[in-house]
Amino acid sequence: MPMQPWFSDAKLGVFLHYGIYAVDGVAESWSFYTGDVPHSTYMKQLDGFTASAYDPVAWADLFARAGARYAVLTARHHDGVALWDTAHGDLDVVRRTPAGRDLVAGYADALREKGLKVGLYYSHSDWNHPDYASAVHPEPPNDEVRTNRYASAAPGEEDPAAWRRYLAHRDGQVGELVSRYRPDLLWFDGEWERSEEQWGLDDLAALILAGNPETVLNARMLRHGDYATPEQGVPLTRPDGPWELCLTVNDSWGYRGQDHNQKSVGMLVRYFTETIAMGGNLLLAVGPREDGTIPAPQVSRLEGLGAWIARHEEAVYGTVAGLPAGHHYGPSTLSADARTLYLVCFDPPRETVSIRGLLTGIRRVRVVGTGTELAHRNTGGLGNVPGVRWIDAPPAEDVDPHATVLAVELEGPLELYQGAGRS
């Protein structure tokens with residue numbers, strides 16, 4: 001199936017790591033895997049998970065205000081705790097926590113009511129399942145995968161029958177997610193602990209696509225994945241094909257009350273514009289408390305980013321990757337018809353903004369959000385080597401506090417010179 005066009009047009013998604021780990025504010029699943037927290041203490045959090053203020057309609061409203069077009073909820077992390085009433089095992093929040101209800105259904109319904117695409121996260125790995133640590137990766141990527149007994153069998157203790165039972169469990173749960181909630185996107189994780197053959201990904205992909213042929217799959221479905229998922233830093237080289245930067249608002253995926261290192265709205269605008277300028281989406285992670293409320297500092301960041309997007313949405317939605325590095329000192333996007341170039345300026349422009357290597361003539365330049373027109377002129381150039389296009393800096397009242405965007409309307413489709421000049 002070709003990639004669904006909605007994905008690359010979405011630009012922004014919200015990543016929700018929501019689970020029992022929010023009760024004590026510990027790292028999701030990893031805290032017991034690495035021994036930071038005893039397994040018994042981690043699982044005791046089941047008793048404190050209430051979802052007492054869970055309001056997926058409020059979530060969806062917030063995501064829409066943020067300018068997001070989709071969201072991804074951790075339906076089941078590596079700890080194996082499902083957020084829905086699964087028929088495969090009993091480790092779910094319906095049976096085992098005071099929440100006592102399906103938390104995926106309301107989320108999916110609320111997003112669709114708001115016109116947002118529904119994404120669900122599911123980990124291939126399950127460090128709590130009795131049959132999971134029955135196999136060993138043929139080429140373990142690191143010693144932790146090879147030696148951690150939550151992940152792998154001890155040497156000589158592999159149990160192929162148990163591993164087949166685990167795969168049936170995983171496939172059964174994924175089948176439930178597909179048939180009950182019909183997600184537009186499935187975001188897999190944990191793939192590093194086994195080989196593609198061990199995971200049986202051909203069969204899993206066939207199961208998913210038989211239920212909904214338009215389901216988008218991330219790269220952690222390995223060769224069945226539709227898009228790449230770098231984390232926590234804008235790549236310096238654009239990944240091939242569609243991609244998404246997964247980024248936390250603070251330093252944590254899930255709720256951790258002691259983590260106050262929230263990125264500023266200005267930082268998030270930079271991450272966002274740098275990502276879409278390279279043709280990617282930003283999947284911005286927030287961590288709800290155990291009661292289901294998103295902390296106020298994270299709400300304010302989402303709203304702040306959304307306010308910037310609302311002022312500059314013509315430079316965001318319906319655009320593609322902009323200029324290659326070296327043509328403009330900052331990110332840029334390009335309209336789908338290649339006739340309007342959007343230049344992002346993080347700092348207030350002083351005197352001029354320049355574009356190098358532009359072969360297409362400029363019809364006019366204006367400030368996005370205010371409409372103020374700016375004068376422009378050309379200097380230099382020889383034969384087929386263009387000069388530099390200089391755009392007058394906008395007046396102070398047109399400068400955005402986070403990033404000012406200039407719309408450069410071209411006389412035809414964008415053409416660039418990228419040669420070495422006359423010698």
# chains A, B, ... in the order shown; residues from 1 in each chain; ligands from 1
>>> select_by_dssp(residues="region 12-227 of chain A", states="helix (DSSP H, G or I)", output="VMD selection string")
chain A and resid 20 to 22 30 to 33 39 to 48 56 to 66 93 to 96 104 to 113 132 to 134 143 to 147 160 to 181 191 to 193 196 to 199 201 to 211 219 to 224
>>> residues_around(residues="region 228-240 of chain A", least_positions_apart="2", cutoff="10 Å", atoms="only C-alpha atoms", output="ChimeraX atom specification")
/A:187,217-220,222,225-226,242-249,251,271-272,274-275,277-284,321
>>> residues_around(residues="Thr34 (chain A)", least_positions_apart="3", cutoff="12 Å", atoms="only C-alpha atoms", output="mmCIF file with N, CA and C atoms, in the first residue's frame")
data_model
loop_
_atom_site.group_PDB
_atom_site.id
_atom_site.type_symbol
_atom_site.label_atom_id
_atom_site.label_comp_id
_atom_site.auth_asym_id
_atom_site.auth_seq_id
_atom_site.Cartn_x
_atom_site.Cartn_y
_atom_site.Cartn_z
ATOM 1 N N VAL A 26 7.646 7.043 37.982
ATOM 2 C CA VAL A 26 8.898 6.365 37.632
ATOM 3 C C VAL A 26 8.953 6.166 36.117
ATOM 4 N N ALA A 27 10.142 5.814 35.639
ATOM 5 C CA ALA A 27 10.298 5.587 34.202
ATOM 6 C C ALA A 27 9.418 4.425 33.772
ATOM 7 N N GLU A 28 8.701 4.623 32.685
ATOM 8 C CA GLU A 28 7.777 3.617 32.180
ATOM 9 C C GLU A 28 8.521 2.321 31.837
ATOM 10 N N SER A 29 8.157 1.229 32.509
ATOM 11 C CA SER A 29 8.679 -0.114 32.273
ATOM 12 C C SER A 29 10.169 -0.253 32.563
ATOM 13 N N TRP A 30 10.978 0.653 32.062
ATOM 14 C CA TRP A 30 12.428 0.566 32.207
ATOM 15 C C TRP A 30 12.872 0.566 33.675
ATOM 16 N N SER A 31 12.098 1.195 34.534
ATOM 17 C CA SER A 31 12.541 1.332 35.923
ATOM 18 C C SER A 31 12.697 -0.027 36.619
ATOM 19 N N VAL A 37 13.894 0.254 40.293
ATOM 20 C CA VAL A 37 12.752 0.029 41.180
ATOM 21 C C VAL A 37 12.506 -1.469 41.245
ATOM 22 N N PRO A 38 12.297 -2.061 42.424
ATOM 23 C CA PRO A 38 11.973 -3.489 42.481
ATOM 24 C C PRO A 38 10.706 -3.793 41.675
ATOM 25 N N HIS A 39 10.682 -4.939 41.042
ATOM 26 C CA HIS A 39 9.530 -5.300 40.226
ATOM 27 C C HIS A 39 8.236 -5.264 41.034
ATOM 28 N N TYR A 42 7.092 -1.712 41.468
ATOM 29 C CA TYR A 42 6.538 -1.203 40.213
ATOM 30 C C TYR A 42 5.108 -1.693 40.012
ATOM 31 N N TRP A 127 7.736 -7.456 29.177
ATOM 32 C CA TRP A 127 8.647 -7.951 30.209
ATOM 33 C C TRP A 127 7.932 -8.574 31.399
ATOM 34 N N GLU A 144 22.717 -5.985 27.479
ATOM 35 C CA GLU A 144 21.496 -5.913 28.279
ATOM 36 C C GLU A 144 20.422 -6.832 27.706
ATOM 37 N N VAL A 145 20.258 -6.801 26.396
ATOM 38 C CA VAL A 145 19.275 -7.686 25.768
ATOM 39 C C VAL A 145 19.676 -9.142 25.949
ATOM 40 N N THR A 147 21.483 -10.508 28.405
ATOM 41 C CA THR A 147 21.576 -11.030 29.781
ATOM 42 C C THR A 147 20.377 -10.714 30.666
ATOM 43 N N ASN A 148 19.541 -9.748 30.280
ATOM 44 C CA ASN A 148 18.436 -9.376 31.163
ATOM 45 C C ASN A 148 17.364 -10.453 31.119
ATOM 46 N N ARG A 149 17.030 -11.011 32.247
ATOM 47 C CA ARG A 149 16.106 -12.149 32.283
ATOM 48 C C ARG A 149 14.648 -11.748 32.120
ATOM 49 N N TYR A 150 14.350 -10.457 32.120
ATOM 50 C CA TYR A 150 13.002 -10.030 31.711
ATOM 51 C C TYR A 150 12.865 -10.109 30.189
ATOM 52 N N ALA A 151 14.021 -10.084 29.484
ATOM 53 C CA ALA A 151 14.009 -9.997 28.028
ATOM 54 C C ALA A 151 14.350 -11.304 27.334
#
>>> residues_around(residues="Ala99 (chain A)", least_positions_apart="2", cutoff="12 Å", atoms="only C-alpha atoms", output="PyMOL selection string")
chain A and resi 19-20+45-54+83-85+92-97+101-103+290-292
>>> write_last_selection(atoms="C-alpha atoms", output="PDB file, in the first residue's frame")
ATOM      1  CA  GLY A  19       0.049   4.031  32.351  1.00  0.00           C
ATOM      2  CA  ILE A  20       0.567   2.786  35.879  1.00  0.00           C
ATOM      3  CA  GLN A  45       1.276   0.867  41.201  1.00  0.00           C
ATOM      4  CA  LEU A  46      -1.665  -1.072  39.762  1.00  0.00           C
ATOM      5  CA  ASP A  47      -3.444  -0.385  43.065  1.00  0.00           C
ATOM      6  CA  GLY A  48      -3.058   3.392  42.719  1.00  0.00           C
ATOM      7  CA  PHE A  49      -4.006   3.879  39.073  1.00  0.00           C
ATOM      8  CA  THR A  50      -7.435   5.536  39.126  1.00  0.00           C
ATOM      9  CA  ALA A  51      -7.866   7.536  35.897  1.00  0.00           C
ATOM     10  CA  SER A  52     -10.276   9.499  38.109  1.00  0.00           C
ATOM     11  CA  ALA A  53     -10.063  12.683  36.008  1.00  0.00           C
ATOM     12  CA  TYR A  54      -9.590  10.957  32.633  1.00  0.00           C
ATOM     13  CA  LEU A  83      -5.251   0.109  28.717  1.00  0.00           C
ATOM     14  CA  TRP A  84      -8.208  -1.846  27.352  1.00  0.00           C
ATOM     15  CA  ASP A  85     -10.210  -4.939  28.359  1.00  0.00           C
ATOM     16  CA  ASP A  92      -5.085  -4.653  32.075  1.00  0.00           C
ATOM     17  CA  VAL A  93      -6.372  -1.541  33.785  1.00  0.00           C
ATOM     18  CA  VAL A  94      -9.962  -2.771  33.550  1.00  0.00           C
ATOM     19  CA  ARG A  95      -9.444  -5.829  35.767  1.00  0.00           C
ATOM     20  CA  ARG A  96      -6.387  -4.905  37.801  1.00  0.00           C
ATOM     21  CA  THR A  97      -6.675  -1.207  38.707  1.00  0.00           C
ATOM     22  CA  ARG A 101     -12.607   0.694  32.479  1.00  0.00           C
ATOM     23  CA  ASP A 102     -11.371   0.760  28.899  1.00  0.00           C
ATOM     24  CA  LEU A 103      -9.241   3.885  28.354  1.00  0.00           C
ATOM     25  CA  GLU A 290      -2.272   8.811  36.912  1.00  0.00           C
ATOM     26  CA  ASP A 291      -5.649  10.574  37.169  1.00  0.00           C
ATOM     27  CA  GLY A 292      -5.485  11.406  33.453  1.00  0.00           C
TER      28      GLY A 292
END
>>> residues_around(residues="Ala315 (chain A)", least_positions_apart="6", cutoff="8 Å", atoms="only C-alpha atoms", output="list of chain:residue names")
A:Thr333, A:Leu334, A:Ser335, A:Tyr342, A:Val368, A:Val405, A:Ala407
>>> residues_around(residues="Leu111 (chain A)", least_positions_apart="4", cutoff="8 Å", atoms="only C-alpha atoms", output="PyMOL selection string")
chain A and resi 56-57+60+70+107+115-118
>>> atom_distance(atom1="CA of Val320 (chain A)", atom2="CA of Ala336 (chain A)")
6.3 Å
>>> select_by_dssp(residues="region 189-376 of chain A", states="strand (DSSP E)", output="VMD selection string")
chain A and resid 189 216 to 217 244 to 248 281 to 286 319 to 321 332 to 335 340 to 345 352 to 356 362 to 367 373 to 374 376
>>> closest_residue(among="A:Leu62, A:Leu302, A:Val367, A:Met43", to="Asp79 (chain A)", atoms="only C-alpha atoms")
A:Met43
>>> atom_distance(atom1="CA of Val104 (chain A)", atom2="CA of Gly80 (chain A)")
15.0 Å
>>> closest_residue(among="A:Pro395, A:Gly266, A:Pro2, A:Pro386", to="Arg422 (chain A)", atoms="only C-alpha atoms")
A:Pro386
>>> atom_distance(atom1="CA of Arg256 (chain A)", atom2="CA of Gly25 (chain A)")
4.3 Å
>>> closest_residue(among="A:Arg363, A:His77, A:His88, A:His327", to="Glu176 (chain A)", atoms="only C-alpha atoms")
A:His88
